[in-house]
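Everything on this sheet refers to the single structure shown next.
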Amino acid sequence: MTALDSLGPLTADGSHLFDGRVAAAIELVWREATLLDAPDYETWDGLFTADARYVIPIDPTATDFEASLNMVYDDERMRRMRVERLVGGFSMSAVSAARTVRTLSRFVVREQTEDELELTSAQVLVGHKRERTFVLGADVTHRIRFVDGRPAIALKVVRLVNSDESVSASGFLL
Amino acid sequence: MTTLSNRAGLVDRVVAGVTGRAPHAEGFGHLVQGDRVAAALYTDPALYQEELQKIWYRTWVWVAHESQLRKAGDFVTSHVADQPVIVSRDRKGNLNVLVNRCRHRGASVCETPRGNGNGFTCPYHAWSYGLDGKLRGIPYPEGYEDVTDKKDLPLQRLQVASYHGMVFASFNADVEPLEEFLGGARLWIDRFMKQGAGFPVMIQGEHRFRFQGNWKIQLENTTDGYHFPIVHRSWMSSVDAETASMLSFMTDELAVTHALGNGHSAAVMVPEHVDLDDDDGTEQVQARFEHVVQVLSRDFEPAKVRRIMRSMHGAGFNLNLFPNVACSMSFFRVLRPIGPTETEIRHCALGMEGGPDIVNRERLRIHEHFQGPFGFGTPDDSEAWDRVQRGAVGGTDLPILVNRGLAREQVADNGDKVSHVTDETGMREAYRKWQELMSA
């Protein structure tokens, strides 16, 4: 694997950002954002590999997520239960969740292997709930795995810029 | 004549204009009447300002846990209501709680949430202070000759005391001894800390969030068993059957709330886990933790493994300490008023210091499942509290009711008022203390 340590080309191997695999990965990330804003959590759940992790850490420097307290640290089982909770109609925060509009851009390809590609991006989410509009910014990492040419999310890490201070509970997903 | 209403703000201003009397001449204490309180307690800015003076700056307020301050030089930043403080352990091993404000021109001297150092230096003109708050250095001191003596300008110190590792501070130089203030709650703190199962209890991390509502809405919630199966239905349906059964206390006669005096209360949800050292041997370790048992059995005797596993979910109760901290089953819940209609909450996940990694990690996962802004429980609590604040501005003469279970409340031999855990005995105790302090 090759890591990009500084700004320069937006891919580790100097290829164009919008070559076939990278374009497919970005398209998946945008599709995911669309599903989360809709929201359509059940379809969103199908974007992940069986061994995927979905993480929203608290410590901005955390890399060993299992040994840390996180806001979200989901394997497949937890993610499925999370979706069931959000769509089940018995969670009052989910029923009255904020509306969200999110944009992901500033893509950088960090690593590429034969079957995986690690992509980082910036996410700006604008939410609105009951007379209040708010903004959440985050650095996002997606590890995209290609199985039979189809991309799926093997790891998603959302590092909120305010993760180690107050983060309001608003009934939606990042 | 006094009436229960949301009138303390507006009406008093009108009265003052008409009569020339000072606003709030009769104070706010009358707004609590035993089993009901005025909604003004959630909404009135003037009442909130008086709470700061009469409650938050007068009594003991939780600021830290000693697991964050083990070594000389360790410090954490914290708050007493709106005032920023530093909690530090100095070279002599003493705990200090210092107002985080330079004595020169008022800048904060520490904006690092936690760390280890030799002291604190103001970024503005580099006045430097020791871990005990003493002013040690002033750059270019010649301008202060015959003007200022360093010994007169330490960081402002608060009273500080700790019990079982819980560090409390007070701005009140004449505050009663901490042990006296905790009173009947000490027994429950002793019990709570048994979840360390022989290891010291430590903070492993914390979730922090805010809701748009008054601090007392959260204070009530920790002793509110009544809301649990309703607000947390989606969480209950996501946990294993054994955990759901463990928390099915709605009709359990042994699930009771004790009013402990001084505003404190203990709400028992899992009676068999009130004292984790009491084990009649009938309880089965939850099947989903079998892999943990297997790992622990390599290093510990069966009895020790069982003792650790019985602590996995923490103690079987929520201890609500007036005004700002709860020992809530397996975590500390700390509240801080930001203003009359905004409150910050910290949920500190607990673990066993020096204990088995596999247990501490399982405890992190249990905590993440319910707590925090993306947990399966906290967002629903937060939504309920927001809704209280939004609704309580309506019907300004309608009281907030805390009368559930009044007719079935009994007095135990030790003087505790006791009723079912779904009753509002703990809230009545907190408001009794609130009334006492606000009437002083």
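Ordering of the structure tokens sets the chain letters (A, B, ...); residue numbers start at 1 within each chain; ligands are numbered from 1 in the order shown.
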Handout entry: Test item: chain A residues at most 6 Å from chain B, counting only C-alpha atoms, as a PyMOL selection string
Key = chain A and resi 69+71+85+90-93+166-169
Generate the output file for the selected residues, N, CA and C atoms, as an mmCIF file, in the first residue's frame.
data_model
loop_
_atom_site.group_PDB
_atom_site.id
_atom_site.type_symbol
_atom_site.label_atom_id
_atom_site.label_comp_id
_atom_site.auth_asym_id
_atom_site.auth_seq_id
_atom_site.Cartn_x
_atom_site.Cartn_y
_atom_site.Cartn_z
ATOM 1 N N LEU A 69 -13.850 4.556 24.001
ATOM 2 C CA LEU A 69 -15.276 4.861 24.011
ATOM 3 C C LEU A 69 -15.593 5.673 22.754
ATOM 4 N N MET A 71 -18.836 7.168 19.920
ATOM 5 C CA MET A 71 -20.260 7.477 19.817
ATOM 6 C C MET A 71 -20.974 6.336 19.093
ATOM 7 N N ARG A 85 -34.115 0.114 15.064
ATOM 8 C CA ARG A 85 -34.562 1.130 16.016
ATOM 9 C C ARG A 85 -35.031 2.391 15.294
ATOM 10 N N PHE A 90 -40.763 3.219 17.364
ATOM 11 C CA PHE A 90 -40.882 3.299 18.822
ATOM 12 C C PHE A 90 -39.856 4.220 19.457
ATOM 13 N N SER A 91 -38.998 4.823 18.648
ATOM 14 C CA SER A 91 -38.024 5.771 19.172
ATOM 15 C C SER A 91 -38.509 7.177 18.853
ATOM 16 N N MET A 92 -38.823 7.936 19.907
ATOM 17 C CA MET A 92 -39.408 9.257 19.648
ATOM 18 C C MET A 92 -38.396 10.212 19.030
ATOM 19 N N SER A 93 -37.107 9.992 19.296
ATOM 20 C CA SER A 93 -36.112 10.868 18.675
ATOM 21 C C SER A 93 -35.974 10.561 17.191
ATOM 22 N N SER A 166 -19.432 18.878 23.237
ATOM 23 C CA SER A 166 -20.836 18.488 23.183
ATOM 24 C C SER A 166 -21.285 18.213 21.759
ATOM 25 N N VAL A 167 -21.962 17.082 21.584
ATOM 26 C CA VAL A 167 -22.581 16.736 20.304
ATOM 27 C C VAL A 167 -24.055 16.479 20.605
ATOM 28 N N SER A 168 -24.924 17.214 19.966
ATOM 29 C CA SER A 168 -26.341 17.092 20.298
ATOM 30 C C SER A 168 -26.931 15.820 19.711
ATOM 31 N N ALA A 169 -27.883 15.253 20.438
ATOM 32 C CA ALA A 169 -28.579 14.046 20.009
ATOM 33 C C ALA A 169 -29.762 14.453 19.147
#
Problem - Residue neighbourhood stretch 329-343 of chain B, 7 Å, only C-alpha atoms, exclusion window fewer than 5 positions, as a ChimeraX atom specification - result: /B:42-45,48,81-82,210-215,313-318,324,348-350
Selected residues, N, CA, C and O atoms, written as a PDB file, in the first residue's frame, please.
ATOM      1  N   TYR B  42     -38.492  25.925  35.540  1.00  0.00           N
ATOM      2  CA  TYR B  42     -37.790  25.568  34.310  1.00  0.00           C
ATOM      3  C   TYR B  42     -37.506  26.777  33.415  1.00  0.00           C
ATOM      4  O   TYR B  42     -36.735  26.652  32.463  1.00  0.00           O
ATOM      5  N   THR B  43     -38.193  27.875  33.661  1.00  0.00           N
ATOM      6  CA  THR B  43     -38.227  28.911  32.619  1.00  0.00           C
ATOM      7  C   THR B  43     -37.742  30.295  33.048  1.00  0.00           C
ATOM      8  O   THR B  43     -37.357  31.083  32.190  1.00  0.00           O
ATOM      9  N   ASP B  44     -37.781  30.606  34.330  1.00  0.00           N
ATOM     10  CA  ASP B  44     -37.585  31.998  34.749  1.00  0.00           C
ATOM     11  C   ASP B  44     -36.097  32.365  34.836  1.00  0.00           C
ATOM     12  O   ASP B  44     -35.368  31.796  35.650  1.00  0.00           O
ATOM     13  N   PRO B  45     -35.631  33.311  34.038  1.00  0.00           N
ATOM     14  CA  PRO B  45     -34.209  33.689  34.082  1.00  0.00           C
ATOM     15  C   PRO B  45     -33.777  34.247  35.438  1.00  0.00           C
ATOM     16  O   PRO B  45     -32.650  33.999  35.877  1.00  0.00           O
ATOM     17  N   TYR B  48     -33.284  31.441  37.815  1.00  0.00           N
ATOM     18  CA  TYR B  48     -32.033  30.743  37.486  1.00  0.00           C
ATOM     19  C   TYR B  48     -30.834  31.470  38.087  1.00  0.00           C
ATOM     20  O   TYR B  48     -29.926  30.843  38.654  1.00  0.00           O
ATOM     21  N   ALA B  81     -21.185  25.025  37.752  1.00  0.00           N
ATOM     22  CA  ALA B  81     -22.198  25.765  36.984  1.00  0.00           C
ATOM     23  C   ALA B  81     -21.520  26.516  35.856  1.00  0.00           C
ATOM     24  O   ALA B  81     -20.880  25.909  35.002  1.00  0.00           O
ATOM     25  N   ASP B  82     -21.586  27.846  35.842  1.00  0.00           N
ATOM     26  CA  ASP B  82     -21.020  28.612  34.725  1.00  0.00           C
ATOM     27  C   ASP B  82     -19.545  28.941  34.916  1.00  0.00           C
ATOM     28  O   ASP B  82     -18.914  29.472  34.005  1.00  0.00           O
ATOM     29  N   ARG B 210     -25.760  18.270  24.821  1.00  0.00           N
ATOM     30  CA  ARG B 210     -26.585  19.305  25.440  1.00  0.00           C
ATOM     31  C   ARG B 210     -28.037  19.110  25.016  1.00  0.00           C
ATOM     32  O   ARG B 210     -28.305  18.572  23.945  1.00  0.00           O
ATOM     33  N   PHE B 211     -28.955  19.546  25.871  1.00  0.00           N
ATOM     34  CA  PHE B 211     -30.351  19.592  25.446  1.00  0.00           C
ATOM     35  C   PHE B 211     -30.903  20.973  25.773  1.00  0.00           C
ATOM     36  O   PHE B 211     -30.359  21.690  26.617  1.00  0.00           O
ATOM     37  N   GLN B 212     -31.986  21.303  25.066  1.00  0.00           N
ATOM     38  CA  GLN B 212     -32.572  22.637  25.212  1.00  0.00           C
ATOM     39  C   GLN B 212     -33.598  22.616  26.326  1.00  0.00           C
ATOM     40  O   GLN B 212     -34.802  22.616  26.099  1.00  0.00           O
ATOM     41  N   GLY B 213     -33.096  22.571  27.552  1.00  0.00           N
ATOM     42  CA  GLY B 213     -34.015  22.525  28.679  1.00  0.00           C
ATOM     43  C   GLY B 213     -33.288  22.799  29.982  1.00  0.00           C
ATOM     44  O   GLY B 213     -32.060  22.819  30.046  1.00  0.00           O
ATOM     45  N   ASN B 214     -34.087  23.008  31.016  1.00  0.00           N
ATOM     46  CA  ASN B 214     -33.566  23.365  32.337  1.00  0.00           C
ATOM     47  C   ASN B 214     -32.895  22.166  33.017  1.00  0.00           C
ATOM     48  O   ASN B 214     -33.311  21.025  32.837  1.00  0.00           O
ATOM     49  N   TRP B 215     -31.884  22.455  33.844  1.00  0.00           N
ATOM     50  CA  TRP B 215     -31.092  21.391  34.479  1.00  0.00           C
ATOM     51  C   TRP B 215     -31.915  20.470  35.365  1.00  0.00           C
ATOM     52  O   TRP B 215     -31.606  19.284  35.507  1.00  0.00           O
ATOM     53  N   HIS B 313     -22.858  -5.055  34.474  1.00  0.00           N
ATOM     54  CA  HIS B 313     -23.819  -3.969  34.213  1.00  0.00           C
ATOM     55  C   HIS B 313     -23.797  -2.903  35.306  1.00  0.00           C
ATOM     56  O   HIS B 313     -24.683  -2.053  35.368  1.00  0.00           O
ATOM     57  N   GLY B 314     -22.798  -2.959  36.195  1.00  0.00           N
ATOM     58  CA  GLY B 314     -22.714  -1.968  37.262  1.00  0.00           C
ATOM     59  C   GLY B 314     -23.579  -2.340  38.446  1.00  0.00           C
ATOM     60  O   GLY B 314     -23.973  -3.506  38.613  1.00  0.00           O
ATOM     61  N   ALA B 315     -23.885  -1.350  39.273  1.00  0.00           N
ATOM     62  CA  ALA B 315     -24.734  -1.564  40.436  1.00  0.00           C
ATOM     63  C   ALA B 315     -26.196  -1.550  39.989  1.00  0.00           C
ATOM     64  O   ALA B 315     -26.523  -1.050  38.918  1.00  0.00           O
ATOM     65  N   GLY B 316     -27.076  -2.064  40.844  1.00  0.00           N
ATOM     66  CA  GLY B 316     -28.478  -2.222  40.449  1.00  0.00           C
ATOM     67  C   GLY B 316     -29.355  -1.023  40.736  1.00  0.00           C
ATOM     68  O   GLY B 316     -30.557  -1.177  40.957  1.00  0.00           O
ATOM     69  N   PHE B 317     -28.742   0.182  40.769  1.00  0.00           N
ATOM     70  CA  PHE B 317     -29.554   1.354  41.129  1.00  0.00           C
ATOM     71  C   PHE B 317     -28.953   2.623  40.549  1.00  0.00           C
ATOM     72  O   PHE B 317     -27.800   2.641  40.117  1.00  0.00           O
ATOM     73  N   ASN B 318     -29.780   3.672  40.530  1.00  0.00           N
ATOM     74  CA  ASN B 318     -29.319   5.028  40.224  1.00  0.00           C
ATOM     75  C   ASN B 318     -29.300   5.823  41.525  1.00  0.00           C
ATOM     76  O   ASN B 318     -30.344   5.998  42.156  1.00  0.00           O
ATOM     77  N   ASN B 324     -25.750  17.797  41.095  1.00  0.00           N
ATOM     78  CA  ASN B 324     -25.252  17.674  39.719  1.00  0.00           C
ATOM     79  C   ASN B 324     -24.660  16.338  39.307  1.00  0.00           C
ATOM     80  O   ASN B 324     -24.126  16.257  38.211  1.00  0.00           O
ATOM     81  N   CYS B 348     -20.082   9.489  31.942  1.00  0.00           N
ATOM     82  CA  CYS B 348     -18.722   8.959  32.088  1.00  0.00           C
ATOM     83  C   CYS B 348     -18.794   7.440  32.238  1.00  0.00           C
ATOM     84  O   CYS B 348     -19.337   6.937  33.234  1.00  0.00           O
ATOM     85  N   ALA B 349     -18.237   6.726  31.264  1.00  0.00           N
ATOM     86  CA  ALA B 349     -18.232   5.257  31.303  1.00  0.00           C
ATOM     87  C   ALA B 349     -17.210   4.786  32.333  1.00  0.00           C
ATOM     88  O   ALA B 349     -16.081   5.276  32.353  1.00  0.00           O
ATOM     89  N   LEU B 350     -17.595   3.826  33.161  1.00  0.00           N
ATOM     90  CA  LEU B 350     -16.705   3.341  34.217  1.00  0.00           C
ATOM     91  C   LEU B 350     -16.124   1.981  33.867  1.00  0.00           C
ATOM     92  O   LEU B 350     -16.718   1.216  33.107  1.00  0.00           O
TER      93      LEU B 350
END
Exercise for the section: Would you please extract all helix (DSSP H, G or I) residues from stretch 23-101 of chain B, as assigned by DSSP on the backbone, and give them as number ranges by chain? Expected result: B: 29-31, 40-43, 45-56, 66-68
Practice task
Give the strand (DSSP E or B) residues of chain A, as DSSP finds them on the backbone, and put them as a PyMOL selection string.
Solution key: chain A and resi 48-57+70-74+99-112+116-129+132-147+150-160
Problem - Selection: 9 Å around stretch 43-60 of chain A, only C-alpha atoms, excl. self and same-chain fewer than 3 positions, as an NGL selection string - result: (:A and (28 or 31-33 or 35-36 or 39-40 or 63 or 65 or 68-76 or 79-80 or 83 or 145 or 151-165 or 174)) or (:B and (205-207 or 374))
Handout entry: Contact residues around A:Trp30 with only C-alpha atoms at 10 Å, ignoring same-chain residues under 5 positions, as a list of chain:residue names
Key =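 So, after excluding close chain neighbours, the residues are A:Ala24, A:Ala25, A:Leu35, A:Leu36, A:Arg102, A:Thr103, A:Leu104, A:Ser105.
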Write to file, as an mmCIF file, in the first residue's frame, the residues of the selection just made, with C-alpha atoms.
data_model
loop_
_atom_site.group_PDB
_atom_site.id
_atom_site.type_symbol
_atom_site.label_atom_id
_atom_site.label_comp_id
_atom_site.auth_asym_id
_atom_site.auth_seq_id
_atom_site.Cartn_x
_atom_site.Cartn_y
_atom_site.Cartn_z
ATOM 1 C CA ALA A 24 -17.140 4.073 -8.498
ATOM 2 C CA ALA A 25 -16.023 4.621 -4.902
ATOM 3 C CA LEU A 35 -29.739 7.418 1.392
ATOM 4 C CA LEU A 36 -28.891 8.886 4.802
ATOM 5 C CA ARG A 102 -25.151 16.724 3.605
ATOM 6 C CA THR A 103 -22.388 17.311 1.105
ATOM 7 C CA LEU A 104 -19.200 15.247 0.787
ATOM 8 C CA SER A 105 -16.302 16.516 -1.220
#
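Atom CA of B:Val293 to atom CA of B:Met236 spans 24.3 Å [interatomic distance, one decimal].
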Handout entry: For B:Asn414: contacts at 12 Å, only C-alpha atoms, fewer than 4 positions along chain excluded, given as a list of chain:residue names
Key =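 Residues near the query, excluding close chain neighbours: B:Gly183, B:Gly184, B:His258, B:Ala259, B:Leu260, B:Gly261, B:Gln410, B:Val418.
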Exercise for the section: Pick out the residues sitting within 9 Å of stretch 391-408 of chain B, and hand them over as a PyMOL selection string; count only C-alpha atoms, and ignore anything fewer than 3 positions along from it in its own chain. Expected result: chain B and resi 3-7+34-40+42-43+386-388+418-420+422-425+427-428
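Using only C-alpha atoms, the protein and nucleic acid residues lying no more than 8 Å from B:Glu220, apart from those fewer than 3 places from it along its own chain, are B:Lys216, B:Ile217, B:Thr223, B:Asp224, B:Gly426, B:Met427, B:Ala430.
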